[in-house]
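Engineer: Quick one: the structure is below, questions incoming.
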Amino acid sequence: MRFARLCASWLAAALIVAPVSAGAEDGYRLWLRHAPRADAAQHRIGPVTLEGSDSPTARLARDELQRALATLFPGQDGANGMAVVLRRIPDPHMREGAFRVAPDRGVVRITAASDTGLLYGVFALMRELGQGRPIDTVRLDEAPAYALRMLNHWDNPDGHVERGYAGRSIFDWWHLPDRVDPRITDYARANASIGINGVVVNNVNARAMMLEPRYIAKARALADTLRPWGIRLYLSARFSAPRDIGGLETADPLDPAVRAWWKAKADELYAAIPDFGGFLVKANSEGQPGPQDYGRSHADGANMLAAAIGGRGVVIWRAFVYAAENTEDRVKQAYSEFQPLDGSFASNVIVQVKNGPLDFQPREPFHPLFGAMPRTGMAMELQITKEYLGFASHLAFLAPLFEEVLDARTGRGGTVAQSVTAIAGVANTGSDRNWTGSDFDQANWYAFGRLAWDPRLPSAQIAREWAAQTFSRNPDFLRAVVPLMLNSRAAVVDYMTPLGLAHVMGTGHHYGPAPWVADLDRPEWNPVYYHRADATGIGVDRTRTGTNALAQYAPDIAQQLAADEDLLLWFHRVPWDYRLRSGATLWQELPRRYDRGVAAVRGMAATWATLAPHVDPARHRSVADFLKIQTREAQWWRDASLAYWMAVSGRALPPGHALPPHPLDWYQAQRFPEAPGE
Ligand code: GCW
């Protein structure tokens with residue numbers, strides 16, 4: 001008896017030591033901390049058993065739950081409690097990944113028709129328990145909205161992460177395949193916990209080398225590590241690879257030798273990685289090679305690769321294109337180029353479109369291609385890493401941004417969410433101990449996964465789930481932190497790009513304000529291209545009298561967008577004295593918005609200061625430090641922007657607004673060659 005008790009408590013103790021390092025709160029454990037519940041003594045938890053499958057994935061699911069329960073409900077001996085039964089059942093109606101969780105005569109049953117379904121069911125139960133729900137009240141019946149829920153890493157083989165603000169790449173290509181960093185398992189586990197099932201491990205600005213045999217061996221080792229967690233590996237492919245590494249004269253997609261080269265390459269990949277997901281391609285975009293180099297279309301290029309992959313996977317072809325030689329309004333170019341190709345892509349091609357027509361701005365209208373290519377598989381690309389929203393140093397919870405675009409009606413039958421079959425997010429992970437550079441940026445990774453699983457989830461629910469699991473279940477804490485998170489992105493819009501402004505960030509690195517830049521080679525690289533401010537007014541006329549970008553939207557949606565004052569300067573060019581519906585003039589409203597943004601950040605910092613009792617000192621301090629940076633930088637954004645608008649408009653600030661402390665040329669002289677991520 002004593003011996004048995006000893007064994008049980010030893011077991012429980014062993015189970016507390018999760019695969020991730022225990023110890024101080026340093027953010028490493030993300031939302032998977034499973035902090036012991038205050039009411040643990042009131043619950044009796046029984047054993048976890050697995051039926052109907054013994055695959056590595058099913059066993060992971062069982063072990064995961066055992067460990068989580070031991071941590072959430074410490075000190076239990078596992079006898080006479082509520083048992084949990086994981087059961088794989090043959091059910092042809094259950095979609096891949098779907099699961100049910102339900103209490104049933106003294107046991108909790110997690111049922112699924114696939115092993116990944118069991119795994120997702122386990123993580124879903126843990127999410128509920130992590131928020132403090134009693135185990136016998138959890139009832140869930142879920143299936144993922146999209147079959148493909150993927151992260152795109154812009155990680156280079158040398159370890160640099162393009163637009164990464166969380167350290168170096170987590171993929172240690174140099175030591176692969178001999179050494180797979182144990183961290184990759186924790187990474188896979190975190191992804192599985194939010195339903196992510198595909199990762200593109202290298203930058204879309206791809207090196208052809210990634211397709212050489214020595215790199216395929218490395219990718220294989222990664223794929224083997226990701227596989228038990230239900231995650232398939234994908235590679236970004238450089239379109240000119242047949243020339244770069246294949247010894248061919250051309251990469252023309254209609255050339256038989258080129259086609260044969262890609263077919264052989266795909267076969268080689270599938271021999272090494274039987275569940276290889278496929279290729280992601282950035283072609284004829286920002287200097288990357290592509291089919292147009294040979295007078296061929298995007299469809300010619302994508303279909304050639306799709307034929308090489310065949311029924312084994314997909315080709316994800318990005319629609320992020322704009323060209324220097326093209327004088328058409330940049331935000332119109334992707335639609336102009338891709339929409340006419342609707343219906344000409346192979347069935348295993350997915351066209352991946354950024355959420356907005358420009359480039360991951362704090363706020364943009366949704367991309368007009370959504371809903372406009374009904375005969376093409378479409379994916380939406382969101383940016384989790386905050387290239388244009390203050391890097392990792394600004395607290396900006398992105399679920400409201402994601403939700404805004406997912407919920408937008410296309411006017412062509414349904415919402416943006418309904419118009420796509422896959423979701424991709426540009427990852428924000430790196431080698432930093434807390435994975436994402438700042439603790440609150442973990443919430444954006446989490447929110448991305450949750451929305452890719454269910455695009456109808458409200459941002460508030462996602463914020464609450466994340467904060468409760470990551471920091472504290474205390475209701476006072478949640479009452480304060482959830483609104484803080486929910487309002488944070490709007491604050492960034494206010495102090496960086498109010499009223500539809502866009503792309504006014506510093507050149508290249510996109511750090512800080514630089515709306516005055518006008519001397520870059522390509523017109524659309526210059527911030528002035530996006531606001532065109534002068535003494536007479538500001539904004540871009542995208543109505544019929546201007547570039548008519550509005551016409552790329554369904555007529556009733558175009559009308560709504562044209563009337564949206566939060567997008568005023570995106571779609572219209574107006575005089576500084578333009579009167580808004582509130583009665584204020586634009587020149588009165590602009591400083592109000594900037595000031596509102598700065599005040600909101602000060603408010604966030606003040607609120608966070610009151611939350612110290614609920615958060616461990618290390619993480620509390622770290623968030624507070626970042627909020628200090630954000631407060632200073634929000635003020636800088638406001639001051640520099642207003643100094644510039646005053647200069648171009650020739651106007652004095654309306655009464656009630658503080659003058660920028662420096663003259664315009666002081667702001668213009670700031671240089672940050674060392675800013676991260678470029
Ligand atoms: O947002 C821009 C970035 C580039 C990026 C490009 C793209 C990977 O500034 O760094 O390149 O978009 O999405 O292809």
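Just remember, in the structure tokens the first chain shown is A, the second B, etc., residues are 1-based per chain, and ligands are 1-based in the order shown.
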Counting only C-alpha atoms, what is within 8 Å of range 200-217 of chain A, bar same-chain residues fewer than 3 positions away, as a ChimeraX atom specification?
Structural biologist: /A:150-157,162,171,177,220-221,233-238,240-241,244-245,265,269,272,280-282,288
Engineer: Taking the backbone alone, and naming residues the way the document does, which bits of range 177-306 of chain A are alpha helix (DSSP H) by DSSP, as number ranges by chain?
Structural biologist: A: 183-193, 213-226, 241-244, 256-272, 298-306
Engineer: Point out the residue among A:Met604, A:Ala379, A:Val85, A:Val504 with the least atom-to-atom distance to Leu118 in chain A, counting only C-alpha atoms.
Structural biologist: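 Answer, going by the shortest atom-to-atom distance: A:Val85.
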Engineer: Could you pull the residues within 12 Å of Ala640 in chain A, counting only C-alpha atoms, minus those fewer than 3 positions along the same chain, as a PyMOL selection string?
Structural biologist: chain A and resi 495-496+504-506+512-516+591+594+633-637+643-647+659-670
Engineer: Which residues are near Val138 in chain A? Cut-off 12 Å, only C-alpha atoms, ignore same chain within fewer than 2 positions. Put them as a PDB file with C-alpha atoms, in the first residue's frame.
Structural biologist:
ATOM      1  CA  VAL A  84     -10.686  10.171 -19.197  1.00  0.00           C
ATOM      2  CA  ARG A 100     -15.912  15.247 -29.405  1.00  0.00           C
ATOM      3  CA  VAL A 101     -15.471  15.667 -25.678  1.00  0.00           C
ATOM      4  CA  ALA A 102     -18.336  14.683 -23.398  1.00  0.00           C
ATOM      5  CA  PRO A 103     -18.915  13.390 -19.886  1.00  0.00           C
ATOM      6  CA  ASP A 104     -20.583  10.016 -19.875  1.00  0.00           C
ATOM      7  CA  VAL A 107     -15.900   9.223 -17.365  1.00  0.00           C
ATOM      8  CA  VAL A 108     -14.950  11.931 -19.815  1.00  0.00           C
ATOM      9  CA  ARG A 109     -14.831  10.593 -23.344  1.00  0.00           C
ATOM     10  CA  ILE A 110     -12.699  12.106 -26.059  1.00  0.00           C
ATOM     11  CA  GLY A 121      -9.532  16.885 -28.376  1.00  0.00           C
ATOM     12  CA  VAL A 122      -6.979  16.588 -25.605  1.00  0.00           C
ATOM     13  CA  ALA A 124      -9.251  21.442 -26.260  1.00  0.00           C
ATOM     14  CA  LEU A 125     -10.080  19.769 -22.948  1.00  0.00           C
ATOM     15  CA  MET A 126      -6.884  21.169 -21.465  1.00  0.00           C
ATOM     16  CA  ARG A 127      -7.840  24.635 -22.685  1.00  0.00           C
ATOM     17  CA  GLU A 128     -11.144  24.400 -20.839  1.00  0.00           C
ATOM     18  CA  LEU A 129      -9.555  23.018 -17.694  1.00  0.00           C
ATOM     19  CA  GLY A 130      -6.859  25.662 -17.930  1.00  0.00           C
ATOM     20  CA  GLN A 131      -9.566  28.299 -17.706  1.00  0.00           C
ATOM     21  CA  GLY A 132     -10.993  26.711 -14.586  1.00  0.00           C
ATOM     22  CA  ARG A 133     -13.954  24.748 -15.922  1.00  0.00           C
ATOM     23  CA  PRO A 134     -15.044  21.648 -13.943  1.00  0.00           C
ATOM     24  CA  ILE A 135     -14.030  18.565 -15.896  1.00  0.00           C
ATOM     25  CA  ASP A 136     -17.465  16.965 -15.851  1.00  0.00           C
ATOM     26  CA  LEU A 140     -17.231  19.977 -27.127  1.00  0.00           C
ATOM     27  CA  ASP A 141     -17.996  18.934 -30.682  1.00  0.00           C
TER      28      ASP A 141
END
Engineer: Counting only C-alpha atoms and all ligand atoms, give me one row per residue of chain A with an atom at most 9 Å from an atom of ligand 1, showing the shortest contact pair and its distance in Å to one decimal, sorted by chain then residue number, as a tab-separated table.
Structural biologist:
residue	atom	partner	partner_atom_place_in_ligand_line	distance
A:Trp154	CA	ligand 1	8 (C)	6.2
A:Glu162	CA	ligand 1	10 (O)	5.9
A:Arg163	CA	ligand 1	10 (O)	6.0
A:Asn203	CA	ligand 1	8 (C)	6.5
A:Val204	CA	ligand 1	8 (C)	5.6
A:Asn205	CA	ligand 1	8 (C)	5.5
A:Ala206	CA	ligand 1	8 (C)	8.9
A:Lys282	CA	ligand 1	14 (O)	6.6
A:Ser285	CA	ligand 1	14 (O)	7.1
A:Glu286	CA	ligand 1	14 (O)	7.1
A:Arg318	CA	ligand 1	14 (O)	8.3
A:Phe320	CA	ligand 1	14 (O)	6.5
A:Val321	CA	ligand 1	14 (O)	8.4
A:Lys354	CA	ligand 1	13 (O)	8.1
A:Leu358	CA	ligand 1	1 (O)	8.8
A:Asp359	CA	ligand 1	1 (O)	5.4
A:Phe360	CA	ligand 1	1 (O)	6.5
A:Gln361	CA	ligand 1	1 (O)	9.0
A:Gln383	CA	ligand 1	1 (O)	8.5
A:Glu387	CA	ligand 1	1 (O)	7.2
A:Tyr388	CA	ligand 1	1 (O)	8.3
A:Val426	CA	ligand 1	13 (O)	8.7
A:Gly508	CA	ligand 1	9 (O)	7.3
A:His509	CA	ligand 1	9 (O)	7.8
A:His510	CA	ligand 1	9 (O)	7.9
A:Gly677	CA	ligand 1	10 (O)	8.3
A:Glu678	CA	ligand 1	10 (O)	6.7
Engineer: Closest to Phe402 in chain A among A:Asp39, A:Asp439, A:Asp454, A:Glu337, using only C-alpha atoms?
Structural biologist: A:Asp454
Engineer: Identify which of the residues A:Phe626, A:Tyr270, A:Tyr28, A:Tyr146 lies closest to Leu451 in chain A, counting only C-alpha atoms when measuring atom-to-atom distances.
Structural biologist: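 Of the candidates, the smallest distance to Leu451 in chain A is held by A:Tyr146.
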Engineer: Do a neighbour search on Leu50 in chain A at 8 Å with only C-alpha atoms, toss out local chain neighbours closer than 6 positions, and write the hits as a list in words.
Structural biologist: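 Listed by chain and then number, they are Ala58, Arg59, Arg62, Val85, Leu86 and Arg87 of chain A.
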Engineer: Go through A:Gly164, A:Pro676, A:Gly656, A:Pro368 one by one, measure the shortest atom-to-atom distance of each to Ala551 in chain A using only C-alpha atoms, and give the residue with the smallest value.
Structural biologist: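 Ranking A:Gly164, A:Pro676, A:Gly656, A:Pro368 by distance to Ala551 in chain A, first place goes to A:Pro368.
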Engineer: Find the residues around Asn434 in chain A up to 10 Å (only C-alpha atoms counted), leave out those fewer than 5 positions away in its own chain, and share them as number ranges by chain.
Structural biologist: A: 25-30, 166, 429, 439-442, 619
Engineer: Work out how far apart CA of Ile384 in chain A and CA of Ser488 in chain A are and give it in Å to one decimal.
Structural biologist: 14.8 Å
Engineer: Hey, can you check how far CA of Leu119 in chain A sits from CA of Lys218 in chain A?
Structural biologist: 26.1 Å
Engineer: In terms of the shortest atom-to-atom distance over only C-alpha atoms, which of A:Leu32, A:Ala558, A:Met485, A:Ala675 is closest to Ser193 in chain A?
Structural biologist: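 Going through A:Leu32, A:Ala558, A:Met485, A:Ala675 one by one, the smallest distance to Ser193 in chain A is for A:Leu32.
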Engineer: When you look at range 474-480 of chain A with a cut-off of 10 Å (counting only C-alpha atoms), what residues show up, excluding the ones that are within fewer than 5 positions of it in the same chain? I need them as an mmCIF file with all heavy atoms, in the first residue's frame.
Structural biologist:
data_model
loop_
_atom_site.group_PDB
_atom_site.id
_atom_site.type_symbol
_atom_site.label_atom_id
_atom_site.label_comp_id
_atom_site.auth_asym_id
_atom_site.auth_seq_id
_atom_site.Cartn_x
_atom_site.Cartn_y
_atom_site.Cartn_z
ATOM 1 N N GLN A 131 -8.801 27.094 -18.040
ATOM 2 C CA GLN A 131 -9.566 28.299 -17.706
ATOM 3 C C GLN A 131 -10.401 28.107 -16.443
ATOM 4 O O GLN A 131 -11.172 28.987 -16.061
ATOM 5 C CB GLN A 131 -10.480 28.666 -18.864
ATOM 6 C CG GLN A 131 -9.712 29.105 -20.090
ATOM 7 C CD GLN A 131 -10.658 29.332 -21.254
ATOM 8 O OE1 GLN A 131 -11.316 30.347 -21.338
ATOM 9 N NE2 GLN A 131 -10.740 28.356 -22.134
ATOM 10 N N GLY A 132 -10.319 26.918 -15.858
ATOM 11 C CA GLY A 132 -10.993 26.711 -14.586
ATOM 12 C C GLY A 132 -12.324 25.991 -14.657
ATOM 13 O O GLY A 132 -13.043 25.891 -13.670
ATOM 14 N N ALA A 463 -8.791 36.188 -26.425
ATOM 15 C CA ALA A 463 -7.964 36.930 -25.463
ATOM 16 C C ALA A 463 -8.109 36.322 -24.069
ATOM 17 O O ALA A 463 -7.117 36.128 -23.352
ATOM 18 C CB ALA A 463 -8.369 38.403 -25.450
ATOM 19 N N ARG A 464 -9.335 36.013 -23.692
ATOM 20 C CA ARG A 464 -9.590 35.476 -22.346
ATOM 21 C C ARG A 464 -8.921 34.115 -22.181
ATOM 22 O O ARG A 464 -8.244 33.852 -21.196
ATOM 23 C CB ARG A 464 -11.095 35.391 -22.103
ATOM 24 C CG ARG A 464 -11.459 35.368 -20.634
ATOM 25 C CD ARG A 464 -12.972 35.397 -20.401
ATOM 26 N NE ARG A 464 -13.684 36.361 -21.227
ATOM 27 C CZ ARG A 464 -14.536 36.036 -22.214
ATOM 28 N NH1 ARG A 464 -14.778 34.771 -22.509
ATOM 29 N NH2 ARG A 464 -15.137 36.972 -22.915
ATOM 30 N N GLU A 465 -9.123 33.253 -23.176
ATOM 31 C CA GLU A 465 -8.501 31.916 -23.120
ATOM 32 C C GLU A 465 -6.991 32.027 -22.942
ATOM 33 O O GLU A 465 -6.388 31.377 -22.112
ATOM 34 C CB GLU A 465 -8.694 31.185 -24.463
ATOM 35 C CG GLU A 465 -10.040 30.627 -24.724
ATOM 36 C CD GLU A 465 -10.094 29.982 -26.118
ATOM 37 O OE1 GLU A 465 -9.061 29.942 -26.837
ATOM 38 O OE2 GLU A 465 -11.180 29.507 -26.487
ATOM 39 N N ALA A 467 -5.076 34.634 -22.036
ATOM 40 C CA ALA A 467 -4.583 35.307 -20.822
ATOM 41 C C ALA A 467 -4.754 34.411 -19.595
ATOM 42 O O ALA A 467 -3.883 34.376 -18.719
ATOM 43 C CB ALA A 467 -5.316 36.634 -20.628
ATOM 44 N N ALA A 468 -5.855 33.679 -19.548
ATOM 45 C CA ALA A 468 -6.089 32.812 -18.382
ATOM 46 C C ALA A 468 -5.049 31.705 -18.320
ATOM 47 O O ALA A 468 -4.537 31.373 -17.252
ATOM 48 C CB ALA A 468 -7.494 32.214 -18.440
ATOM 49 N N MET A 485 -6.086 44.138 -24.178
ATOM 50 C CA MET A 485 -5.675 43.461 -25.411
ATOM 51 C C MET A 485 -6.573 43.871 -26.581
ATOM 52 O O MET A 485 -6.096 44.178 -27.675
ATOM 53 C CB MET A 485 -5.726 41.943 -25.224
ATOM 54 C CG MET A 485 -4.677 41.418 -24.253
ATOM 55 S SD MET A 485 -4.908 39.667 -23.857
ATOM 56 C CE MET A 485 -4.343 38.891 -25.384
ATOM 57 N N MET A 604 -2.753 51.712 -21.235
ATOM 58 C CA MET A 604 -2.359 50.301 -21.167
ATOM 59 C C MET A 604 -1.256 50.114 -20.132
ATOM 60 O O MET A 604 -1.282 49.174 -19.329
ATOM 61 C CB MET A 604 -1.869 49.829 -22.547
ATOM 62 C CG MET A 604 -2.994 49.548 -23.540
ATOM 63 S SD MET A 604 -2.468 49.631 -25.291
ATOM 64 C CE MET A 604 -1.162 48.423 -25.332
ATOM 65 N N THR A 607 -2.741 50.459 -16.653
ATOM 66 C CA THR A 607 -3.516 49.267 -16.288
ATOM 67 C C THR A 607 -2.576 48.122 -15.935
ATOM 68 O O THR A 607 -2.765 47.432 -14.925
ATOM 69 C CB THR A 607 -4.420 48.836 -17.460
ATOM 70 O OG1 THR A 607 -5.290 49.910 -17.773
ATOM 71 C CG2 THR A 607 -5.224 47.594 -17.123
ATOM 72 N N TRP A 608 -1.563 47.947 -16.773
ATOM 73 C CA TRP A 608 -0.646 46.824 -16.535
ATOM 74 C C TRP A 608 0.040 46.958 -15.172
ATOM 75 O O TRP A 608 0.234 45.977 -14.461
ATOM 76 C CB TRP A 608 0.386 46.718 -17.659
ATOM 77 C CG TRP A 608 1.270 45.518 -17.497
ATOM 78 C CD1 TRP A 608 2.577 45.501 -17.103
ATOM 79 C CD2 TRP A 608 0.892 44.145 -17.682
ATOM 80 N NE1 TRP A 608 3.039 44.212 -17.039
ATOM 81 C CE2 TRP A 608 2.031 43.355 -17.387
ATOM 82 C CE3 TRP A 608 -0.300 43.500 -18.064
ATOM 83 C CZ2 TRP A 608 2.024 41.952 -17.465
ATOM 84 C CZ3 TRP A 608 -0.318 42.111 -18.146
ATOM 85 C CH2 TRP A 608 0.828 41.357 -17.847
ATOM 86 N N THR A 610 -1.163 48.028 -12.513
ATOM 87 C CA THR A 610 -2.052 47.576 -11.425
ATOM 88 C C THR A 610 -2.155 46.051 -11.374
ATOM 89 O O THR A 610 -2.700 45.498 -10.426
ATOM 90 C CB THR A 610 -3.487 48.114 -11.597
ATOM 91 O OG1 THR A 610 -4.067 47.494 -12.764
ATOM 92 C CG2 THR A 610 -3.509 49.623 -11.752
ATOM 93 N N LEU A 611 -1.657 45.370 -12.392
ATOM 94 C CA LEU A 611 -1.855 43.917 -12.462
ATOM 95 C C LEU A 611 -0.687 43.130 -11.873
ATOM 96 O O LEU A 611 -0.682 41.896 -11.919
ATOM 97 C CB LEU A 611 -2.117 43.500 -13.916
ATOM 98 C CG LEU A 611 -3.390 44.131 -14.506
ATOM 99 C CD1 LEU A 611 -3.573 43.720 -15.965
ATOM 100 C CD2 LEU A 611 -4.619 43.737 -13.695
ATOM 101 N N ALA A 612 0.260 43.853 -11.309
ATOM 102 C CA ALA A 612 1.434 43.180 -10.735
ATOM 103 C C ALA A 612 1.071 42.052 -9.757
ATOM 104 O O ALA A 612 1.729 41.010 -9.758
ATOM 105 C CB ALA A 612 2.348 44.201 -10.070
ATOM 106 N N PRO A 613 0.048 42.216 -8.938
ATOM 107 C CA PRO A 613 -0.257 41.134 -7.996
ATOM 108 C C PRO A 613 -0.635 39.812 -8.680
ATOM 109 O O PRO A 613 -0.577 38.755 -8.045
ATOM 110 C CB PRO A 613 -1.460 41.672 -7.209
ATOM 111 C CG PRO A 613 -1.469 43.141 -7.421
ATOM 112 C CD PRO A 613 -0.814 43.387 -8.743
ATOM 113 N N HIS A 614 -1.021 39.873 -9.938
ATOM 114 C CA HIS A 614 -1.504 38.659 -10.606
ATOM 115 C C HIS A 614 -0.453 37.982 -11.478
ATOM 116 O O HIS A 614 -0.697 36.892 -12.002
ATOM 117 C CB HIS A 614 -2.703 39.000 -11.491
ATOM 118 C CG HIS A 614 -3.823 39.624 -10.741
ATOM 119 N ND1 HIS A 614 -4.583 38.927 -9.834
ATOM 120 C CD2 HIS A 614 -4.298 40.894 -10.745
ATOM 121 C CE1 HIS A 614 -5.494 39.730 -9.316
ATOM 122 N NE2 HIS A 614 -5.341 40.930 -9.850
ATOM 123 N N VAL A 615 0.658 38.651 -11.706
ATOM 124 C CA VAL A 615 1.633 38.139 -12.671
ATOM 125 C C VAL A 615 2.993 37.982 -11.992
ATOM 126 O O VAL A 615 3.368 38.821 -11.175
ATOM 127 C CB VAL A 615 1.753 39.103 -13.888
ATOM 128 C CG1 VAL A 615 2.763 38.587 -14.895
ATOM 129 C CG2 VAL A 615 0.389 39.293 -14.544
#
Engineer: Which parts of range 162-265 of chain A does DSSP call strand (DSSP E) when run on the backbone here, written out as a list in words?
Structural biologist: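 Matching residues, listed in order: Gly198, Val199, Val200, Arg232, Leu233, Tyr234, Leu235 and Ser236 of chain A.
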Engineer: Restricted to all heavy atoms, what would the selected residues look like written as a compact mmCIF listing (two decimals), in the first residue's frame?
Structural biologist:
# COMPACT_ATOMS: atom_id res chain seq x y z
N GLY A 198 0.41 22.63 -40.61
CA GLY A 198 1.40 22.71 -41.69
C GLY A 198 2.39 23.82 -41.40
O GLY A 198 1.99 24.87 -40.88
N VAL A 199 3.65 23.59 -41.71
CA VAL A 199 4.62 24.68 -41.58
C VAL A 199 5.54 24.71 -42.78
O VAL A 199 6.08 23.69 -43.21
CB VAL A 199 5.46 24.61 -40.28
CG1 VAL A 199 4.60 24.81 -39.06
CG2 VAL A 199 6.24 23.34 -40.15
N VAL A 200 5.67 25.92 -43.33
CA VAL A 200 6.65 26.16 -44.38
C VAL A 200 7.89 26.64 -43.65
O VAL A 200 7.87 27.68 -42.99
CB VAL A 200 6.16 27.24 -45.36
CG1 VAL A 200 7.16 27.40 -46.49
CG2 VAL A 200 4.78 26.91 -45.89
N ARG A 232 2.52 18.75 -41.15
CA ARG A 232 3.26 18.44 -42.39
C ARG A 232 4.21 19.57 -42.71
O ARG A 232 3.91 20.73 -42.49
CB ARG A 232 2.28 18.24 -43.56
CG ARG A 232 1.50 16.94 -43.44
CD ARG A 232 0.40 16.87 -44.48
NE ARG A 232 0.91 16.54 -45.82
CZ ARG A 232 0.12 16.24 -46.84
NH1 ARG A 232 -1.20 16.23 -46.70
NH2 ARG A 232 0.65 15.96 -48.02
N LEU A 233 5.33 19.18 -43.26
CA LEU A 233 6.36 20.15 -43.64
C LEU A 233 6.20 20.55 -45.11
O LEU A 233 5.95 19.70 -45.96
CB LEU A 233 7.74 19.56 -43.38
CG LEU A 233 8.95 20.42 -43.77
CD1 LEU A 233 10.02 20.32 -42.69
CD2 LEU A 233 9.52 20.00 -45.12
N TYR A 234 6.36 21.84 -45.38
CA TYR A 234 6.34 22.39 -46.73
C TYR A 234 7.63 23.17 -46.94
O TYR A 234 8.24 23.63 -45.99
CB TYR A 234 5.17 23.38 -46.91
CG TYR A 234 3.79 22.80 -46.74
CD1 TYR A 234 3.35 22.35 -45.50
CD2 TYR A 234 2.91 22.71 -47.81
CE1 TYR A 234 2.07 21.83 -45.34
CE2 TYR A 234 1.63 22.19 -47.67
CZ TYR A 234 1.22 21.75 -46.42
OH TYR A 234 -0.04 21.22 -46.26
N LEU A 235 8.00 23.34 -48.20
CA LEU A 235 9.18 24.15 -48.50
C LEU A 235 8.82 25.29 -49.45
O LEU A 235 8.00 25.11 -50.36
CB LEU A 235 10.26 23.29 -49.17
CG LEU A 235 10.98 22.27 -48.28
CD1 LEU A 235 11.89 21.39 -49.15
CD2 LEU A 235 11.80 22.97 -47.19
N SER A 236 9.43 26.44 -49.23
CA SER A 236 9.37 27.50 -50.23
C SER A 236 10.34 27.12 -51.33
O SER A 236 11.48 26.73 -51.06
CB SER A 236 9.81 28.84 -49.64
OG SER A 236 8.88 29.29 -48.69
Engineer: Here is a test: counting only C-alpha atoms, which residue of A:Met373, A:Ala98, A:Val315, A:Leu401 is nearest to Glu142 in chain A?
Structural biologist: A:Ala98
Engineer: Just to confirm, what's the straight-line distance from CA of Val331 in chain A to CA of Ala549 in chain A in Å (one decimal)?
Structural biologist: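 Taking CA of Val331 in chain A and CA of Ala549 in chain A, their separation equals 7.3 Å.
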